[in-house]
Structure formats: C-alpha cells, structure tokens
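One file, entry12.cif, carrying mmCIF, C-alpha atoms, pLDDT in the B column; chains and numbers go by the auth columns:
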```cif
data_coords
#
loop_
_atom_site.group_PDB
_atom_site.id
_atom_site.type_symbol
_atom_site.label_atom_id
_atom_site.label_comp_id
_atom_site.label_asym_id
_atom_site.label_seq_id
_atom_site.Cartn_x
_atom_site.Cartn_y
_atom_site.Cartn_z
_atom_site.B_iso_or_equiv
_atom_site.auth_seq_id
_atom_site.auth_asym_id
ATOM 1 C CA MET A 1 -35.074 -26.997 -37.189 63.00 1 A
ATOM 2 C CA ASP A 2 -33.132 -27.844 -33.989 79.00 2 A
ATOM 3 C CA ARG A 3 -30.503 -25.276 -34.904 85.00 3 A
ATOM 4 C CA GLU A 4 -33.217 -22.611 -35.154 91.00 4 A
ATOM 5 C CA TYR A 5 -34.374 -23.312 -31.597 92.00 5 A
ATOM 6 C CA LEU A 6 -30.800 -23.154 -30.372 94.00 6 A
ATOM 7 C CA LYS A 7 -30.077 -19.811 -32.026 95.00 7 A
ATOM 8 C CA GLU A 8 -33.425 -18.301 -31.030 96.00 8 A
ATOM 9 C CA THR A 9 -33.005 -19.295 -27.376 97.00 9 A
ATOM 10 C CA PHE A 10 -29.585 -17.676 -27.188 97.00 10 A
ATOM 11 C CA ALA A 11 -30.887 -14.565 -28.965 97.00 11 A
ATOM 12 C CA ILE A 12 -33.843 -14.182 -26.589 98.00 12 A
ATOM 13 C CA GLU A 13 -31.740 -14.548 -23.463 98.00 13 A
ATOM 14 C CA ALA A 14 -28.929 -12.349 -24.819 97.00 14 A
ATOM 15 C CA GLU A 15 -31.439 -9.544 -25.396 97.00 15 A
ATOM 16 C CA CYS A 16 -32.745 -10.003 -21.863 97.00 16 A
ATOM 17 C CA LEU A 17 -29.287 -9.628 -20.359 96.00 17 A
ATOM 18 C CA GLN A 18 -28.321 -6.657 -22.515 95.00 18 A
ATOM 19 C CA LYS A 19 -31.428 -4.695 -21.573 95.00 19 A
ATOM 20 C CA GLY A 20 -31.557 -6.034 -18.030 95.00 20 A
ATOM 21 C CA ALA A 21 -28.528 -4.059 -16.901 92.00 21 A
ATOM 22 C CA GLU A 22 -30.282 -0.842 -17.923 95.00 22 A
ATOM 23 C CA VAL A 23 -33.327 -1.284 -15.678 96.00 23 A
ATOM 24 C CA VAL A 24 -31.601 -2.073 -12.371 96.00 24 A
ATOM 25 C CA ASP A 25 -31.474 0.972 -10.125 97.00 25 A
ATOM 26 C CA GLU A 26 -27.854 1.380 -8.999 97.00 26 A
ATOM 27 C CA GLY A 27 -28.895 2.866 -5.674 98.00 27 A
ATOM 28 C CA GLN A 28 -31.131 -0.104 -4.921 98.00 28 A
ATOM 29 C CA PHE A 29 -28.364 -2.491 -5.945 98.00 29 A
ATOM 30 C CA ALA A 30 -25.897 -0.738 -3.641 98.00 30 A
ATOM 31 C CA LYS A 31 -28.411 -0.915 -0.788 98.00 31 A
ATOM 32 C CA ALA A 32 -28.926 -4.646 -1.364 98.00 32 A
ATOM 33 C CA VAL A 33 -25.168 -5.207 -1.274 98.00 33 A
ATOM 34 C CA GLU A 34 -24.850 -3.241 1.962 98.00 34 A
ATOM 35 C CA LEU A 35 -27.681 -5.200 3.611 98.00 35 A
ATOM 36 C CA LEU A 36 -26.138 -8.513 2.587 98.00 36 A
ATOM 37 C CA LYS A 37 -22.702 -7.364 3.740 98.00 37 A
ATOM 38 C CA LYS A 38 -23.960 -6.601 7.250 98.00 38 A
ATOM 39 C CA ALA A 39 -26.228 -9.636 7.656 98.00 39 A
ATOM 40 C CA GLU A 40 -25.111 -12.491 9.889 98.00 40 A
ATOM 41 C CA ARG A 41 -27.525 -14.840 8.135 98.00 41 A
ATOM 42 C CA ILE A 42 -29.226 -14.727 4.753 98.00 42 A
ATOM 43 C CA GLY A 43 -32.404 -16.498 3.695 98.00 43 A
ATOM 44 C CA ALA A 44 -33.742 -16.890 0.159 98.00 44 A
ATOM 45 C CA SER A 45 -37.194 -17.957 -0.916 98.00 45 A
ATOM 46 C CA GLY A 46 -39.269 -18.337 -4.034 98.00 46 A
ATOM 47 C CA CYS A 47 -41.636 -20.789 -5.707 98.00 47 A
ATOM 48 C CA GLY A 48 -41.086 -23.015 -8.721 97.00 48 A
ATOM 49 C CA HIS A 49 -38.153 -22.010 -10.917 97.00 49 A
ATOM 50 C CA SER A 50 -37.560 -18.994 -8.674 97.00 50 A
ATOM 51 C CA GLY A 51 -37.166 -21.263 -5.674 98.00 51 A
ATOM 52 C CA ILE A 52 -34.674 -23.448 -7.507 97.00 52 A
ATOM 53 C CA ALA A 53 -32.729 -20.315 -8.459 98.00 53 A
ATOM 54 C CA CYS A 54 -32.751 -19.233 -4.800 98.00 54 A
ATOM 55 C CA ARG A 55 -30.865 -22.398 -3.895 98.00 55 A
ATOM 56 C CA HIS A 56 -28.181 -21.245 -6.293 98.00 56 A
ATOM 57 C CA PHE A 57 -28.103 -17.843 -4.591 98.00 57 A
ATOM 58 C CA ALA A 58 -27.722 -19.412 -1.147 98.00 58 A
ATOM 59 C CA HIS A 59 -24.816 -21.513 -2.420 98.00 59 A
ATOM 60 C CA LEU A 60 -23.147 -18.455 -3.971 98.00 60 A
ATOM 61 C CA MET A 61 -23.308 -16.734 -0.592 98.00 61 A
ATOM 62 C CA CYS A 62 -21.875 -19.742 1.231 97.00 62 A
ATOM 63 C CA CYS A 63 -19.006 -19.855 -1.275 97.00 63 A
ATOM 64 C CA ILE A 64 -17.898 -16.429 -0.008 97.00 64 A
ATOM 65 C CA GLU A 65 -18.569 -17.346 3.623 97.00 65 A
ATOM 66 C CA ARG A 66 -21.849 -15.481 4.001 97.00 66 A
ATOM 67 C CA PRO A 67 -24.041 -18.007 5.878 97.00 67 A
ATOM 68 C CA ALA A 68 -27.176 -18.557 3.785 98.00 68 A
ATOM 69 C CA ARG A 69 -29.873 -21.093 3.114 98.00 69 A
ATOM 70 C CA PHE A 70 -32.905 -21.601 0.949 98.00 70 A
ATOM 71 C CA ILE A 71 -36.072 -21.503 3.035 98.00 71 A
ATOM 72 C CA SER A 72 -38.968 -23.153 1.270 98.00 72 A
ATOM 73 C CA PRO A 73 -42.219 -21.177 1.357 98.00 73 A
ATOM 74 C CA ALA A 74 -43.973 -24.166 2.933 97.00 74 A
ATOM 75 C CA GLU A 75 -41.399 -24.591 5.697 97.00 75 A
ATOM 76 C CA ALA A 76 -41.054 -20.842 6.270 98.00 76 A
ATOM 77 C CA VAL A 77 -44.546 -20.560 7.771 97.00 77 A
ATOM 78 C CA HIS A 78 -44.014 -23.707 9.842 98.00 78 A
ATOM 79 C CA GLY A 79 -41.003 -22.478 11.800 97.00 79 A
ATOM 80 C CA GLY A 80 -38.383 -22.162 9.065 98.00 80 A
ATOM 81 C CA THR A 81 -38.105 -18.395 9.530 98.00 81 A
ATOM 82 C CA GLY A 82 -36.659 -19.104 12.986 98.00 82 A
ATOM 83 C CA TYR A 83 -33.315 -19.268 11.161 97.00 83 A
ATOM 84 C CA LEU A 84 -33.438 -15.505 10.711 98.00 84 A
ATOM 85 C CA LYS A 85 -32.779 -12.964 13.468 98.00 85 A
ATOM 86 C CA LYS A 86 -33.160 -9.205 13.625 98.00 86 A
ATOM 87 C CA ASN A 87 -31.011 -7.389 11.019 98.00 87 A
ATOM 88 C CA ASP A 88 -30.593 -10.536 8.918 98.00 88 A
ATOM 89 C CA VAL A 89 -31.741 -10.554 5.286 98.00 89 A
ATOM 90 C CA MET A 90 -34.408 -12.455 3.385 98.00 90 A
ATOM 91 C CA LEU A 91 -34.219 -12.373 -0.405 98.00 91 A
ATOM 92 C CA PHE A 92 -37.354 -13.077 -2.429 98.00 92 A
ATOM 93 C CA VAL A 93 -37.611 -13.821 -6.137 98.00 93 A
ATOM 94 C CA SER A 94 -41.015 -13.346 -7.748 98.00 94 A
ATOM 95 C CA ARG A 95 -41.383 -12.200 -11.329 97.00 95 A
ATOM 96 C CA GLY A 96 -44.807 -10.649 -10.739 96.00 96 A
ATOM 97 C CA GLY A 97 -44.164 -9.788 -7.089 97.00 97 A
ATOM 98 C CA LYS A 98 -47.505 -11.285 -6.104 95.00 98 A
ATOM 99 C CA THR A 99 -46.576 -14.861 -5.170 97.00 99 A
ATOM 100 C CA LYS A 100 -49.137 -15.604 -2.469 97.00 100 A
ATOM 101 C CA GLU A 101 -46.909 -18.091 -0.665 98.00 101 A
ATOM 102 C CA LEU A 102 -44.308 -15.384 -0.025 98.00 102 A
ATOM 103 C CA LEU A 103 -46.581 -12.710 1.440 98.00 103 A
ATOM 104 C CA PRO A 104 -46.916 -14.343 4.896 98.00 104 A
ATOM 105 C CA ILE A 105 -43.112 -14.654 5.012 98.00 105 A
ATOM 106 C CA LEU A 106 -42.795 -10.950 4.233 98.00 106 A
ATOM 107 C CA ASP A 107 -45.080 -10.209 7.180 98.00 107 A
ATOM 108 C CA ILE A 108 -42.969 -12.392 9.492 98.00 108 A
ATOM 109 C CA CYS A 109 -39.785 -10.662 8.349 98.00 109 A
ATOM 110 C CA ARG A 110 -41.247 -7.224 8.988 98.00 110 A
ATOM 111 C CA LYS A 111 -42.283 -8.220 12.506 98.00 111 A
ATOM 112 C CA LYS A 112 -38.876 -9.763 13.269 98.00 112 A
ATOM 113 C CA GLY A 113 -36.837 -6.847 11.966 98.00 113 A
ATOM 114 C CA VAL A 114 -35.405 -8.869 9.090 98.00 114 A
ATOM 115 C CA TYR A 115 -34.467 -6.822 6.032 98.00 115 A
ATOM 116 C CA VAL A 116 -36.040 -7.831 2.734 98.00 116 A
ATOM 117 C CA ILE A 117 -34.622 -7.723 -0.788 98.00 117 A
ATOM 118 C CA THR A 118 -36.973 -8.565 -3.654 98.00 118 A
ATOM 119 C CA ILE A 119 -36.086 -9.379 -7.235 98.00 119 A
ATOM 120 C CA THR A 120 -39.126 -8.741 -9.415 98.00 120 A
ATOM 121 C CA GLU A 121 -40.382 -7.308 -12.675 97.00 121 A
ATOM 122 C CA ASN A 122 -43.172 -5.471 -10.836 97.00 122 A
ATOM 123 C CA GLU A 123 -41.952 -2.605 -8.663 97.00 123 A
ATOM 124 C CA GLU A 124 -45.554 -1.763 -7.714 97.00 124 A
ATOM 125 C CA SER A 125 -46.263 -5.224 -6.295 97.00 125 A
ATOM 126 C CA LEU A 126 -46.945 -6.015 -2.646 96.00 126 A
ATOM 127 C CA LEU A 127 -43.598 -7.737 -2.250 98.00 127 A
ATOM 128 C CA ALA A 128 -41.700 -4.842 -3.772 98.00 128 A
ATOM 129 C CA LYS A 129 -43.490 -2.217 -1.697 98.00 129 A
ATOM 130 C CA GLY A 130 -42.783 -4.184 1.478 98.00 130 A
ATOM 131 C CA SER A 131 -39.074 -4.524 0.726 98.00 131 A
ATOM 132 C CA ASP A 132 -36.031 -2.559 1.820 98.00 132 A
ATOM 133 C CA ALA A 133 -34.373 -2.957 -1.588 98.00 133 A
ATOM 134 C CA VAL A 134 -35.863 -3.901 -4.946 98.00 134 A
ATOM 135 C CA LEU A 135 -33.863 -5.202 -7.894 98.00 135 A
ATOM 136 C CA LYS A 136 -35.923 -4.844 -11.039 98.00 136 A
ATOM 137 C CA GLN A 137 -35.831 -7.578 -13.649 97.00 137 A
ATOM 138 C CA TYR A 138 -36.210 -7.080 -17.355 96.00 138 A
ATOM 139 C CA ILE A 139 -37.718 -10.070 -19.122 97.00 139 A
ATOM 140 C CA ASN A 140 -38.456 -9.787 -22.828 97.00 140 A
ATOM 141 C CA ARG A 141 -40.047 -13.246 -23.069 97.00 141 A
ATOM 142 C CA GLU A 142 -39.515 -16.816 -22.000 97.00 142 A
ATOM 143 C CA THR A 143 -37.791 -19.032 -24.559 97.00 143 A
ATOM 144 C CA ASP A 144 -40.595 -21.531 -25.217 96.00 144 A
ATOM 145 C CA LYS A 145 -43.180 -20.850 -27.916 95.00 145 A
ATOM 146 C CA TYR A 146 -45.925 -20.392 -25.328 97.00 146 A
ATOM 147 C CA ASN A 147 -43.902 -17.834 -23.335 96.00 147 A
ATOM 148 C CA SER A 148 -44.791 -19.636 -20.136 96.00 148 A
ATOM 149 C CA GLN A 149 -41.779 -21.635 -18.882 96.00 149 A
ATOM 150 C CA GLY A 150 -39.490 -20.051 -16.288 96.00 150 A
ATOM 151 C CA THR A 151 -36.461 -19.845 -18.560 97.00 151 A
ATOM 152 C CA THR A 152 -35.385 -16.297 -19.394 97.00 152 A
ATOM 153 C CA SER A 153 -36.797 -15.069 -16.089 97.00 153 A
ATOM 154 C CA THR A 154 -34.600 -17.542 -14.204 97.00 154 A
ATOM 155 C CA THR A 155 -31.540 -16.448 -16.171 97.00 155 A
ATOM 156 C CA SER A 156 -32.326 -12.828 -15.328 98.00 156 A
ATOM 157 C CA ALA A 157 -32.493 -13.608 -11.609 98.00 157 A
ATOM 158 C CA CYS A 158 -29.293 -15.641 -11.654 98.00 158 A
ATOM 159 C CA VAL A 159 -27.315 -12.857 -13.329 98.00 159 A
ATOM 160 C CA LEU A 160 -28.458 -10.503 -10.563 98.00 160 A
ATOM 161 C CA PHE A 161 -27.260 -13.088 -8.027 98.00 161 A
ATOM 162 C CA HIS A 162 -23.893 -13.217 -9.751 98.00 162 A
ATOM 163 C CA ALA A 163 -23.607 -9.421 -9.678 98.00 163 A
ATOM 164 C CA LEU A 164 -24.428 -9.389 -5.960 98.00 164 A
ATOM 165 C CA GLN A 165 -21.774 -11.994 -5.238 98.00 165 A
ATOM 166 C CA ALA A 166 -19.157 -10.156 -7.311 98.00 166 A
ATOM 167 C CA ALA A 167 -19.919 -6.920 -5.442 98.00 167 A
ATOM 168 C CA LEU A 168 -19.789 -8.642 -2.050 98.00 168 A
ATOM 169 C CA ILE A 169 -16.393 -10.152 -2.820 98.00 169 A
ATOM 170 C CA GLU A 170 -15.112 -6.610 -3.242 97.00 170 A
ATOM 171 C CA GLU A 171 -17.041 -5.083 -0.335 97.00 171 A
ATOM 172 C CA THR A 172 -16.070 -7.771 2.191 97.00 172 A
ATOM 173 C CA GLY A 173 -12.478 -8.242 1.023 96.00 173 A
ATOM 174 C CA PHE A 174 -13.078 -11.952 0.519 96.00 174 A
ATOM 175 C CA GLN A 175 -9.851 -13.658 -0.523 93.00 175 A
ATOM 176 C CA ASN A 176 -9.579 -16.541 -2.965 90.00 176 A
ATOM 177 C CA GLU A 177 -7.350 -18.356 -0.450 90.00 177 A
ATOM 178 C CA ARG A 178 -10.461 -18.726 1.702 87.00 178 A
ATOM 179 C CA PHE A 179 -12.298 -20.280 -1.203 89.00 179 A
ATOM 180 C CA ALA A 180 -9.418 -22.720 -1.640 85.00 180 A
ATOM 181 C CA LEU A 181 -9.921 -23.780 1.984 87.00 181 A
ATOM 182 C CA ILE A 182 -13.655 -24.448 1.656 82.00 182 A
ATOM 183 C CA HIS A 183 -13.571 -25.834 -1.898 88.00 183 A
ATOM 184 C CA PRO A 184 -10.997 -28.657 -2.002 88.00 184 A
ATOM 185 C CA GLY A 185 -13.232 -30.827 -4.200 88.00 185 A
ATOM 186 C CA GLY A 186 -13.306 -31.356 -7.958 86.00 186 A
ATOM 187 C CA ALA A 187 -11.279 -29.733 -10.700 87.00 187 A
ATOM 188 C CA VAL A 188 -11.715 -26.294 -9.136 80.00 188 A
ATOM 189 C CA GLY A 189 -10.337 -27.615 -5.842 81.00 189 A
ATOM 190 C CA GLU A 190 -7.321 -29.109 -7.598 82.00 190 A
ATOM 191 C CA ARG A 191 -6.597 -25.835 -9.382 85.00 191 A
ATOM 192 C CA LEU A 192 -6.926 -23.828 -6.164 79.00 192 A
ATOM 193 C CA GLU A 193 -4.731 -26.260 -4.221 79.00 193 A
ATOM 194 C CA GLU A 194 -2.013 -25.910 -6.852 82.00 194 A
ATOM 195 C CA LEU A 195 -2.378 -22.137 -6.807 82.00 195 A
ATOM 196 C CA TYR A 196 -2.143 -21.755 -3.033 84.00 196 A
ATOM 197 C CA LYS A 197 0.234 -24.543 -2.063 77.00 197 A
ATOM 198 C CA SER A 198 1.969 -23.715 1.185 62.00 198 A
#
```

Could you render the structure from this file as structure tokens?
Amino acid sequence: MDREYLKETFAIEAECLQKGAEVVDEGQFAKAVELLKKAERIGASGCGHSGIACRHFAHLMCCIERPARFISPAEAVHGGTGYLKKNDVMLFVSRGGKTKELLPILDICRKKGVYVITITENEESLLAKGSDAVLKQYINRETDKYNSQGTTSTTSACVLFHALQAALIEETGFQNERFALIHPGGAVGERLEELYKS
C-alpha cells in the first residue's frame, strides 16, 4: 500500500512537470527574467504553501547576488512594502490568482512603480491582469486523495523559480566563484573551496 502512494505521487508530479513546460509563454518568461535582471531589490509574497515557496525563491535570488526577501502578506500592508522602490520587482504566487491578502499589495506596487510578476493557473484573475509578466502554472491535481493539499502546485511554482534562476545566471553573467565566496558552509562550501582554491 505504501509503495502505491509513493509511485502515484511521483507519477502525478512528473505529469505536472512534463505538461507544465508547454503552458508557459516564452515571451512572458523572458519579460520576467528581464525585470528581475534590472531590479535592485526583489520581493516575493504568497499565502500558505505559496508563501513558504516564496521564501525559497528569495533565497535562490540571494544565492546569485540578487537582493531579495520574502514579504509576508500581513507585514506588507503594515509597512513591509517600504523595502521596495520604483523599478523593483514583486513576485506573487497564487494558484487561483484571487488571494485576497495579495490584492492590496498589488495596489501598493502599482502606485509605487514596482513591477509585478505573478505565477498562477488563472491568467484571467485580478492578480494576473494587474501584473507586468504572468507565468502560467499547469497543475493536474494535488497528490493527496482529496486534491486539496498544496503539493503539486508548490512543485510547479518551485520549478518555475529554478528556471528563472538558471536564466538569470546566464543573463547576468553570474560566476560560480562568487557563489564560492558567499557559500563557504556545508558540503557545498567544502566542494567550492576545493574547486576555487587560490
């Protein structure tokens, strides 16, 4: 029985990733990369599993020296959006594109001249329509039997994050020697230190 759950979970998420690449508009992806490339600061916000995933995105950006932070929806409307200046970028993740907690942040960003990227399944949503770039998600179903936990949808968002980081490494000319400098810790740090010994 346990083996069945294991195999089914991998099968569900594998299908999501295979089909997911087909629904992302390449022009929108390129625009998102360009906005992130030019931004001095990057914010990321979402609720629940999406918010947790946004922390991962912010860390990915910091790992390639693009200053970023997760801004919680609660803190954002209590001064947290002061982190962002004109021409910076806010990235939202909302499967349905209707997360009520994010809509006031969208309004603040528009008034401040902050560019907005939204990752969502719903390109007709308020968040998507108010964004400068929209990365469409494909989600076949969540992995639990009730199709209600944020599992496959989180994986979908994270793979888009990974693609954005990979593209930015190329577009910004980020060198692995820089990563060695900022990541001396752990097994990765040891490997990088050995690789770039001066």

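Among the candidate residues A:Glu123, A:Glu40, A:Glu4, A:Glu101, the one lying nearest to Tyr138 of chain A is A:Glu123, with distances computed using only C-alpha atoms.
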
For the file shown, what are the residues hit by the PyMOL selection byres ((chain A and resi 91) around 10), laid out as a VMD selection string?
chain A and resid 32 36 42 to 46 54 57 to 58 70 to 71 89 to 90 92 to 93 106 115 to 119 131 133 to 134

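Distance-wise, atom CA of Leu168 of chain A and atom CA of Gly27 of chain A end up 15.1 Å apart.
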
Using Å and a single decimal, report how far atom CA of Lys197 of chain A sits from atom CA of Glu177 of chain A.
9.9 Å

For segment 145-150 of chain A, list every protein, DNA or RNA residue within 12 Å, evaluated using only C-alpha atoms, and leave out those in the same chain fewer than 3 positions away; present the list as a ChimeraX atom specification.
/A:5,8-9,12-13,47-53,94-95,139-142,153-157

Which residues of segment 28-104 of chain A come within 7 Å of segment 108-113 of chain A, and what is each one's closest atom pair and distance in Å (one decimal), counting only C-alpha atoms, sorted by chain and residue number, as JSON lines?
```
{"residue": "A:Lys85", "atom": "CA", "partner": "A:Lys112", "partner_atom": "CA", "distance": 6.9}
{"residue": "A:Lys86", "atom": "CA", "partner": "A:Gly113", "partner_atom": "CA", "distance": 4.7}
{"residue": "A:Asn87", "atom": "CA", "partner": "A:Gly113", "partner_atom": "CA", "distance": 5.9}
{"residue": "A:Pro104", "atom": "CA", "partner": "A:Ile108", "partner_atom": "CA", "distance": 6.4}
```

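If you measure from each of A:Leu127, A:Val24, A:Ala11, A:Val33 to Leu164 of chain A using only C-alpha atoms, the closest one turns out to be A:Val33.
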
Exercise: Ala180 of chain A partners within 12 Å, all atoms listed in the file, chain neighbours under 2 positions left out, as number ranges by chain:
A: 63-65, 174-178, 182-198

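If you measure from each of A:Asp132, A:Glu34, A:Asp88, A:Glu22 to Glu171 of chain A using all atoms listed in the file, the closest one turns out to be A:Glu34.
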
Non-local contacts of Ala76 of chain A (9 Å; all atoms listed in the file; under 3 positions in same chain excluded) as an NGL selection string:
:A and (45 or 71-73 or 79-82 or 102 or 104-105)

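Across the structure, atom CA of Arg41 of chain A and atom CA of Pro67 of chain A are spaced 5.2 Å apart.
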
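Counting only C-alpha atoms, the residue from A:Ala74, A:Cys16, A:Glu170, A:Lys7 that sits nearest to Thr151 of chain A is A:Cys16.
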
For Ala167 of chain A, work out the shell of residues within 10 Å, counting all atoms listed in the file and skipping chain neighbours fewer than 6 positions away, then give it as a ChimeraX atom specification.
/A:29-30,33-34,37,161,173

Give the centre and edge lengths of an axis-aligned box, in Å to one decimal, that holds all listed atoms of segment 20-31 of chain A with 8 Å on each side, as JSON.
```
{"center_x": -29.6, "center_y": -1.6, "center_z": -9.4, "size_x": 23.4, "size_y": 24.9, "size_z": 33.2}
```

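Remark: for Leu126 of chain A, the closest of the candidate residues A:Leu17, A:Val114, A:Leu103, A:Leu35 is A:Leu103 (distances computed over only C-alpha atoms).
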
Complete the atom set of segment 116-131 of chain A to N, CA and C atoms and return it as a PDB file, keeping the file's coordinate frame.
```
ATOM      1  N   VAL A 116     -35.534  -7.083   3.883  1.00 98.00           N
ATOM      2  CA  VAL A 116     -36.040  -7.831   2.734  1.00 98.00           C
ATOM      3  C   VAL A 116     -35.531  -7.228   1.433  1.00 98.00           C
ATOM      4  N   ILE A 117     -35.004  -8.092   0.579  1.00 98.00           N
ATOM      5  CA  ILE A 117     -34.622  -7.723  -0.788  1.00 98.00           C
ATOM      6  C   ILE A 117     -35.523  -8.516  -1.721  1.00 98.00           C
ATOM      7  N   THR A 118     -36.121  -7.865  -2.692  1.00 98.00           N
ATOM      8  CA  THR A 118     -36.973  -8.565  -3.654  1.00 98.00           C
ATOM      9  C   THR A 118     -36.468  -8.337  -5.070  1.00 98.00           C
ATOM     10  N   ILE A 119     -36.379  -9.425  -5.807  1.00 98.00           N
ATOM     11  CA  ILE A 119     -36.086  -9.379  -7.235  1.00 98.00           C
ATOM     12  C   ILE A 119     -37.396  -9.622  -7.968  1.00 98.00           C
ATOM     13  N   THR A 120     -37.825  -8.641  -8.755  1.00 98.00           N
ATOM     14  CA  THR A 120     -39.126  -8.741  -9.415  1.00 98.00           C
ATOM     15  C   THR A 120     -39.179  -7.829 -10.648  1.00 98.00           C
ATOM     16  N   GLU A 121     -40.110  -8.143 -11.510  1.00 97.00           N
ATOM     17  CA  GLU A 121     -40.382  -7.308 -12.675  1.00 97.00           C
ATOM     18  C   GLU A 121     -41.349  -6.174 -12.311  1.00 97.00           C
ATOM     19  N   ASN A 122     -42.072  -6.366 -11.209  1.00 97.00           N
ATOM     20  CA  ASN A 122     -43.172  -5.471 -10.836  1.00 97.00           C
ATOM     21  C   ASN A 122     -42.838  -4.660  -9.590  1.00 97.00           C
ATOM     22  N   GLU A 123     -42.348  -3.447  -9.788  1.00 97.00           N
ATOM     23  CA  GLU A 123     -41.952  -2.605  -8.663  1.00 97.00           C
ATOM     24  C   GLU A 123     -43.151  -2.068  -7.874  1.00 97.00           C
ATOM     25  N   GLU A 124     -44.349  -2.215  -8.410  1.00 97.00           N
ATOM     26  CA  GLU A 124     -45.554  -1.763  -7.714  1.00 97.00           C
ATOM     27  C   GLU A 124     -46.243  -2.889  -6.952  1.00 97.00           C
ATOM     28  N   SER A 125     -45.645  -4.055  -6.934  1.00 97.00           N
ATOM     29  CA  SER A 125     -46.263  -5.224  -6.295  1.00 97.00           C
ATOM     30  C   SER A 125     -46.181  -5.128  -4.778  1.00 97.00           C
ATOM     31  N   LEU A 126     -46.946  -5.982  -4.104  1.00 96.00           N
ATOM     32  CA  LEU A 126     -46.945  -6.015  -2.646  1.00 96.00           C
ATOM     33  C   LEU A 126     -45.574  -6.384  -2.096  1.00 96.00           C
ATOM     34  N   LEU A 127     -44.920  -7.347  -2.718  1.00 98.00           N
ATOM     35  CA  LEU A 127     -43.598  -7.737  -2.250  1.00 98.00           C
ATOM     36  C   LEU A 127     -42.609  -6.588  -2.386  1.00 98.00           C
ATOM     37  N   ALA A 128     -42.637  -5.942  -3.537  1.00 98.00           N
ATOM     38  CA  ALA A 128     -41.700  -4.842  -3.772  1.00 98.00           C
ATOM     39  C   ALA A 128     -41.930  -3.700  -2.786  1.00 98.00           C
ATOM     40  N   LYS A 129     -43.177  -3.340  -2.588  1.00 98.00           N
ATOM     41  CA  LYS A 129     -43.490  -2.217  -1.697  1.00 98.00           C
ATOM     42  C   LYS A 129     -43.166  -2.531  -0.241  1.00 98.00           C
ATOM     43  N   GLY A 130     -43.120  -3.801   0.106  1.00 98.00           N
ATOM     44  CA  GLY A 130     -42.783  -4.184   1.478  1.00 98.00           C
ATOM     45  C   GLY A 130     -41.311  -4.462   1.680  1.00 98.00           C
ATOM     46  N   SER A 131     -40.498  -4.190   0.674  1.00 98.00           N
ATOM     47  CA  SER A 131     -39.074  -4.524   0.726  1.00 98.00           C
ATOM     48  C   SER A 131     -38.200  -3.322   1.042  1.00 98.00           C
TER      49      SER A 131
END
```
